[in-house]
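Engineer: This is the content of model38.tsv (TSV, C-alpha atoms):
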chain	number	residue	atom	x	y	z
G	22	MET	CA	-44.28	44.40	13.71
G	23	SER	CA	-47.34	42.22	14.08
G	24	GLU	CA	-48.54	40.99	17.45
G	25	SER	CA	-50.66	37.98	18.37
G	26	LYS	CA	-53.92	38.75	20.14
G	27	PRO	CA	-54.45	36.98	23.46
G	28	ALA	CA	-56.76	33.96	23.45
G	29	PHE	CA	-58.99	32.82	26.29
G	30	GLY	CA	-56.86	31.30	29.03
G	31	GLN	CA	-53.51	31.93	27.32
G	32	THR	CA	-51.67	35.13	26.48
G	33	ASP	CA	-48.81	33.89	24.27
G	34	VAL	CA	-50.72	32.20	21.46
G	35	VAL	CA	-49.29	32.50	17.94
G	36	TYR	CA	-51.77	32.07	15.12
G	37	TYR	CA	-50.82	30.50	11.79
G	38	ARG	CA	-52.13	33.52	9.93
G	39	ASP	CA	-49.53	35.71	11.63
G	40	GLU	CA	-46.64	34.69	9.38
G	41	GLU	CA	-44.02	36.90	11.01
G	42	ALA	CA	-44.71	35.66	14.53
G	43	SER	CA	-45.00	32.06	13.28
G	44	ALA	CA	-41.65	32.30	11.54
G	45	ARG	CA	-39.99	33.68	14.69
G	46	LEU	CA	-41.48	30.89	16.77
G	47	LEU	CA	-40.38	28.21	14.30
G	48	ASP	CA	-36.85	29.63	13.94
G	49	GLY	CA	-36.44	29.77	17.71
G	50	ALA	CA	-37.69	26.21	18.15
G	51	ILE	CA	-35.31	24.87	15.48
G	52	GLU	CA	-32.35	26.71	17.01
G	53	GLY	CA	-33.29	25.25	20.39
G	54	LEU	CA	-33.39	21.73	18.96
G	55	TRP	CA	-29.96	22.24	17.35
G	56	GLU	CA	-28.56	23.27	20.72
G	57	VAL	CA	-30.05	20.19	22.39
G	58	VAL	CA	-28.53	17.93	19.72
G	59	ASN	CA	-25.16	19.68	20.00
G	60	GLN	CA	-25.14	19.17	23.76
G	61	LEU	CA	-26.21	15.52	23.62
G	62	THR	CA	-23.59	14.61	21.03
G	63	ARG	CA	-20.85	15.66	23.44
G	64	PHE	CA	-21.44	12.47	25.44
G	65	ARG	CA	-18.97	9.60	25.01
G	66	ARG	CA	-18.78	6.18	26.57
G	67	THR	CA	-16.02	5.98	29.17
G	68	LYS	CA	-15.17	2.45	28.09
G	69	ARG	CA	-15.46	1.42	24.46
G	70	GLY	CA	-14.52	-1.86	22.88
G	71	ASN	CA	-13.05	-1.15	19.48
G	72	TYR	CA	-11.27	1.63	17.63
G	73	ARG	CA	-13.42	2.76	14.69
G	74	VAL	CA	-12.09	3.60	11.24
G	75	THR	CA	-14.33	5.33	8.71
G	76	ILE	CA	-13.48	4.66	5.06
G	77	PHE	CA	-14.81	7.19	2.54
G	78	GLY	CA	-14.81	6.35	-1.17
G	79	SER	CA	-16.63	6.08	-4.47
G	80	ALA	CA	-20.02	4.40	-4.84
G	81	ARG	CA	-19.29	3.64	-8.51
G	82	LEU	CA	-16.34	1.24	-8.62
G	83	GLN	CA	-17.36	-2.38	-9.02
G	84	PRO	CA	-16.26	-5.66	-7.38
G	85	GLY	CA	-13.26	-7.13	-9.15
G	86	SER	CA	-11.70	-3.79	-10.03
G	87	PRO	CA	-8.18	-3.26	-8.64
G	88	THR	CA	-9.27	-0.41	-6.36
G	89	TYR	CA	-12.24	-2.37	-5.02
G	90	GLU	CA	-10.02	-5.32	-4.12
G	91	ALA	CA	-7.40	-3.03	-2.55
G	92	VAL	CA	-10.00	-1.35	-0.32
G	93	LYS	CA	-11.39	-4.75	0.65
G	94	GLN	CA	-7.88	-5.82	1.66
G	95	LEU	CA	-7.35	-2.58	3.60
G	96	ALA	CA	-10.55	-3.09	5.61
G	97	ALA	CA	-9.69	-6.73	6.25
G	98	GLU	CA	-6.27	-5.81	7.66
G	99	LEU	CA	-7.76	-3.11	9.88
G	100	THR	CA	-10.46	-5.48	11.14
G	101	ALA	CA	-7.86	-8.14	11.91
G	102	MET	CA	-5.99	-5.48	13.91
G	103	GLY	CA	-9.09	-4.96	16.06
G	104	CYS	CA	-10.78	-2.02	14.35
G	105	ASP	CA	-14.46	-1.59	13.52
G	106	ILE	CA	-15.13	-0.42	9.95
G	107	VAL	CA	-17.57	2.42	9.23
G	108	THR	CA	-18.69	3.41	5.71
G	109	GLY	CA	-21.51	5.20	3.96
G	110	GLY	CA	-23.18	1.80	3.68
G	111	GLY	CA	-23.74	1.93	-0.07
G	112	PRO	CA	-22.22	0.21	-3.11
G	113	GLY	CA	-18.78	0.57	-4.67
G	114	LEU	CA	-15.83	1.14	-2.36
G	115	MET	CA	-18.15	1.43	0.63
G	116	GLN	CA	-19.24	-2.13	-0.04
G	117	ALA	CA	-15.61	-3.17	-0.53
G	118	ALA	CA	-14.74	-1.92	2.96
G	119	ASN	CA	-17.72	-3.60	4.61
G	120	GLU	CA	-17.01	-6.80	2.70
G	121	GLY	CA	-13.40	-6.75	3.86
G	122	ALA	CA	-14.51	-6.37	7.47
G	123	VAL	CA	-16.96	-9.27	7.29
G	124	SER	CA	-14.42	-11.48	5.50
G	125	VAL	CA	-12.24	-11.42	8.62
G	126	ASP	CA	-14.95	-11.77	11.24
G	127	PRO	CA	-18.23	-13.06	9.71
G	128	ASN	CA	-19.72	-13.69	13.15
G	129	ALA	CA	-19.32	-10.10	14.28
G	130	LEU	CA	-21.44	-8.11	11.86
G	131	GLU	CA	-21.77	-5.35	14.43
G	132	ARG	CA	-18.19	-4.41	13.54
G	133	SER	CA	-19.22	-3.56	9.96
G	134	VAL	CA	-21.20	-0.30	10.11
G	135	GLY	CA	-23.02	1.67	7.39
G	136	ILE	CA	-24.32	5.23	7.75
G	137	ARG	CA	-26.69	5.81	4.84
G	138	VAL	CA	-28.43	8.85	3.41
G	139	ASP	CA	-31.69	8.74	1.47
G	140	LEU	CA	-31.03	9.33	-2.23
G	141	PRO	CA	-33.42	8.63	-5.12
G	142	PHE	CA	-30.74	7.35	-7.49
G	143	GLU	CA	-28.56	4.99	-5.42
G	144	GLN	CA	-29.04	1.46	-4.20
G	145	GLY	CA	-29.84	0.59	-0.62
G	146	THR	CA	-27.54	-0.66	2.09
G	147	ASN	CA	-24.94	-3.12	0.87
G	148	PRO	CA	-25.24	-6.75	2.10
G	149	PHE	CA	-22.07	-6.63	4.21
G	150	VAL	CA	-23.34	-4.02	6.68
G	151	GLY	CA	-24.13	-5.49	10.07
G	152	ARG	CA	-25.30	-2.30	11.78
G	153	ALA	CA	-27.04	0.31	9.65
G	154	TYR	CA	-28.05	3.89	10.33
G	155	ALA	CA	-30.20	6.02	8.01
G	156	HIS	CA	-30.36	9.79	7.61
G	157	ARG	CA	-32.61	12.01	5.54
G	158	THR	CA	-30.02	14.78	5.22
G	159	PHE	CA	-26.30	14.91	4.51
G	160	PHE	CA	-25.85	17.28	7.44
G	161	SER	CA	-26.93	14.86	10.17
G	162	ARG	CA	-25.17	11.97	8.42
G	163	LEU	CA	-21.86	13.84	8.26
G	164	HIS	CA	-22.20	14.79	11.91
G	165	GLN	CA	-22.59	11.13	12.87
G	166	PHE	CA	-19.44	10.21	10.95
G	167	MET	CA	-17.53	12.90	12.84
G	168	ILE	CA	-18.63	11.84	16.33
G	169	VAL	CA	-18.27	8.06	15.95
G	170	SER	CA	-14.89	7.83	14.19
G	171	ASP	CA	-11.39	7.51	15.61
G	172	ALA	CA	-9.69	7.72	12.20
G	173	PHE	CA	-10.60	8.51	8.60
G	174	VAL	CA	-9.23	6.85	5.50
G	175	VAL	CA	-10.14	8.43	2.16
G	176	VAL	CA	-9.80	6.25	-0.92
G	177	PRO	CA	-10.55	7.27	-4.52
G	178	GLY	CA	-13.93	8.93	-4.90
G	179	GLY	CA	-15.91	11.75	-6.43
G	180	ILE	CA	-17.64	14.89	-5.22
G	181	GLY	CA	-19.31	13.21	-2.24
G	182	THR	CA	-15.99	11.81	-1.07
G	183	LEU	CA	-14.41	15.24	-1.53
G	184	LEU	CA	-17.09	16.76	0.69
G	185	GLU	CA	-16.48	14.20	3.42
G	186	MET	CA	-12.71	14.58	3.27
G	187	SER	CA	-12.93	18.38	3.33
G	188	LEU	CA	-15.13	18.42	6.43
G	189	VAL	CA	-12.73	16.20	8.36
G	190	TRP	CA	-9.78	18.34	7.26
G	191	GLN	CA	-11.47	21.56	8.32
G	192	LEU	CA	-12.54	20.19	11.72
G	193	LEU	CA	-8.97	19.06	12.37
G	194	GLN	CA	-7.73	22.49	11.30
G	195	VAL	CA	-9.88	24.28	13.90
G	196	ARG	CA	-9.33	21.61	16.57
G	197	LYS	CA	-12.93	20.44	16.71
G	198	LEU	CA	-11.34	17.05	16.05
G	199	TYR	CA	-8.03	16.25	17.71
G	200	ALA	CA	-5.51	13.39	17.35
G	201	THR	CA	-7.70	11.84	14.66
G	202	PRO	CA	-5.77	10.67	11.59
G	203	LEU	CA	-6.92	11.77	8.15
G	204	ILE	CA	-5.25	9.42	5.68
G	205	LEU	CA	-5.61	10.05	1.94
G	206	VAL	CA	-4.85	7.01	-0.21
G	207	GLY	CA	-3.98	7.48	-3.86
G	208	ARG	CA	-2.34	9.94	-6.20
G	209	MET	CA	-5.52	11.93	-6.83
G	210	TRP	CA	-5.63	13.17	-3.23
G	211	ALA	CA	-1.91	13.96	-3.10
G	212	GLU	CA	-2.38	16.08	-6.22
G	213	LEU	CA	-5.32	17.86	-4.61
G	214	VAL	CA	-3.29	18.68	-1.50
G	215	GLU	CA	-0.42	19.92	-3.65
G	216	TRP	CA	-2.83	22.10	-5.65
G	217	GLY	CA	-4.07	23.60	-2.39
G	218	ARG	CA	-0.55	24.26	-1.22
G	219	ARG	CA	0.35	26.01	-4.48
G	220	SER	CA	-2.87	28.00	-4.67
G	221	MET	CA	-3.37	29.02	-1.03
G	222	LEU	CA	0.13	29.72	0.28
G	223	HIS	CA	1.18	33.03	-1.22
G	224	ALA	CA	3.50	35.43	0.58
G	225	ASP	CA	1.43	38.38	-0.62
G	226	GLY	CA	-1.87	36.97	0.64
G	227	GLU	CA	-2.11	33.57	2.29
G	228	LEU	CA	-5.47	31.84	2.12
G	229	ALA	CA	-4.40	29.13	4.58
G	230	SER	CA	-1.47	28.31	6.84
G	231	ALA	CA	1.38	26.02	5.89
G	232	VAL	CA	0.66	23.86	8.93
G	233	ASP	CA	-2.81	23.09	7.53
G	234	PHE	CA	-1.24	21.07	4.74
G	235	GLY	CA	0.48	18.81	7.23
G	236	ILE	CA	-2.87	17.60	8.57
G	237	PRO	CA	-3.71	14.98	5.91
G	238	HIS	CA	-1.36	12.04	5.54
G	239	CYS	CA	-0.99	11.27	1.83
G	240	VAL	CA	0.00	7.67	1.08
G	241	THR	CA	0.06	5.48	-2.00
G	242	ALA	CA	0.17	2.03	-0.40
G	243	ILE	CA	-2.27	0.18	1.83
G	244	GLU	CA	0.59	-0.82	4.10
G	245	ASP	CA	1.34	2.82	4.86
G	246	ALA	CA	-2.29	3.50	5.81
G	247	VAL	CA	-2.36	0.44	8.06
G	248	ALA	CA	0.88	1.50	9.78
G	249	LEU	CA	-0.52	4.97	10.54
G	250	ILE	CA	-3.73	3.49	11.94
G	251	ARG	CA	-1.79	0.97	14.05
G	252	ALA	CA	0.31	3.71	15.65
G	253	ASN	CA	-2.69	5.91	16.43
G	254	ARG	CA	-4.72	2.96	17.72
G	255	GLU	CA	-1.95	2.11	20.19
G	256	GLU	CA	-2.12	5.68	21.53
G	257	TRP	CA	-5.92	5.41	21.69
G	258	LEU	CA	-5.72	2.15	23.64
G	259	ARG	CA	-3.38	3.77	26.18
G	260	ALA	CA	-5.80	6.69	26.55
G	261	GLN	CA	-8.71	4.28	27.02
G	262	ALA	CA	-6.79	2.42	29.71
G	263	ALA	CA	-6.06	5.68	31.52
G	264	LEU	CA	-9.74	6.67	31.46
G	265	ASN	CA	-10.68	3.41	33.16
G	266	GLU	CA	-8.03	3.35	35.89
Here is a file; write its structure as structure tokens.
Structural biologist:
Amino acid sequence: MSESKPAFGQTDVVYYRDEEASARLLDGAIEGLWEVVNQLTRFRRTKRGNYRVTIFGSARLQPGSPTYEAVKQLAAELTAMGCDIVTGGGPGLMQAANEGAVSVDPNALERSVGIRVDLPFEQGTNPFVGRAYAHRTFFSRLHQFMIVSDAFVVVPGGIGTLLEMSLVWQLLQVRKLYATPLILVGRMWAELVEWGRRSMLHADGELASAVDFGIPHCVTAIEDAVALIRANREEWLRAQAALNE
């Protein structure tokens, strides 16, 4: 194992040319930063104004398509209820959700949030985002979604949406998230959950527990998603009131 030679006035110097010692120093510093971030993100405001719903969905579907208009309507109904809307901030169904939020309350752009990630092949932040955040990595972006959201609604989407949905599901499974609805809208997600149930629940070798498949709420109608959010938001409001007594 290599060792750094002492320098004048300091005995713990690490020189760049000592790759092994430099790598250990860098790894330790990064791990320390991760721990600092993990500790800081435990903080929450005691009193918070609005319940926040994150809507995950495709960046590809265009305005005027049936799904776009349905997601716009969903976000509008949630905003009218008193929710803030959080999306990935990009085009497609993310834009539909932000547009729906702004359509209800155009003077409160702060209630329409976008959490972006830098990608070379997608457009910038959609014009209906009032408060934007930008990340260079998916990892930090996903972490922000998890810590700012009170509920998740997943509408039709591709691989990116699948990633987001799977992370929420797994965090609910291991109780890193608690009492946070995960609502899957559309037949494609119900089929995915059913595939998981068929493929993972075998008497001769379970890959998951049956209770895990009760975590996501699969719905086909916007009204069902709104009803689930309304019920959870009422519980959240009672908890907020108790915190501030």
Engineer: Distance atom CA of G:Met102-atom CA of G:Val74, one decimal place?
Structural biologist: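 Computing it gives 11.3 Å between the two atoms.
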Engineer: Considering only C-alpha atoms, return as a list in words whatever protein or nucleic-acid residues lie within 6 Å of stretch 199-209 of chain G, sequence-local ones (same chain, fewer than 2 positions apart) excluded.
Structural biologist: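 The residues satisfying every condition are Asp171, Ala172, Phe173, Val174, Val175, Val176, Arg196, Ala211, Glu212, Pro237, His238, Cys239, Val240 and Thr241 of chain G.
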Engineer: Would you compute the distance between atom CA of G:Pro84 and atom CA of G:Val150? Give it in Å to one decimal.
Structural biologist: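 Distance between the two atoms: 15.8 Å.
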Engineer: Rank G:Gly49, G:Gly235, G:Gly217, G:Gly109 by their smallest atom-to-atom distance to G:Arg137, using only C-alpha atoms, and report the top residue only.
Structural biologist: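 Looking only at the distances to G:Arg137, the closest residue turns out to be G:Gly109.
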Engineer: Which residues are near stretch 255-263 of chain G? Cut-off 10 Å, only C-alpha atoms, ignore same chain within fewer than 2 positions. Put them as number ranges by chain.
Structural biologist: G: 67-72, 171, 200-201, 250-253, 265-266
Engineer: Quick check, in Å to one decimal: how far apart do atom CA of G:Val107 and atom CA of G:Ala80 lie?
Structural biologist: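 According to the coordinates, atom CA of G:Val107 and atom CA of G:Ala80 are separated by 14.4 Å.
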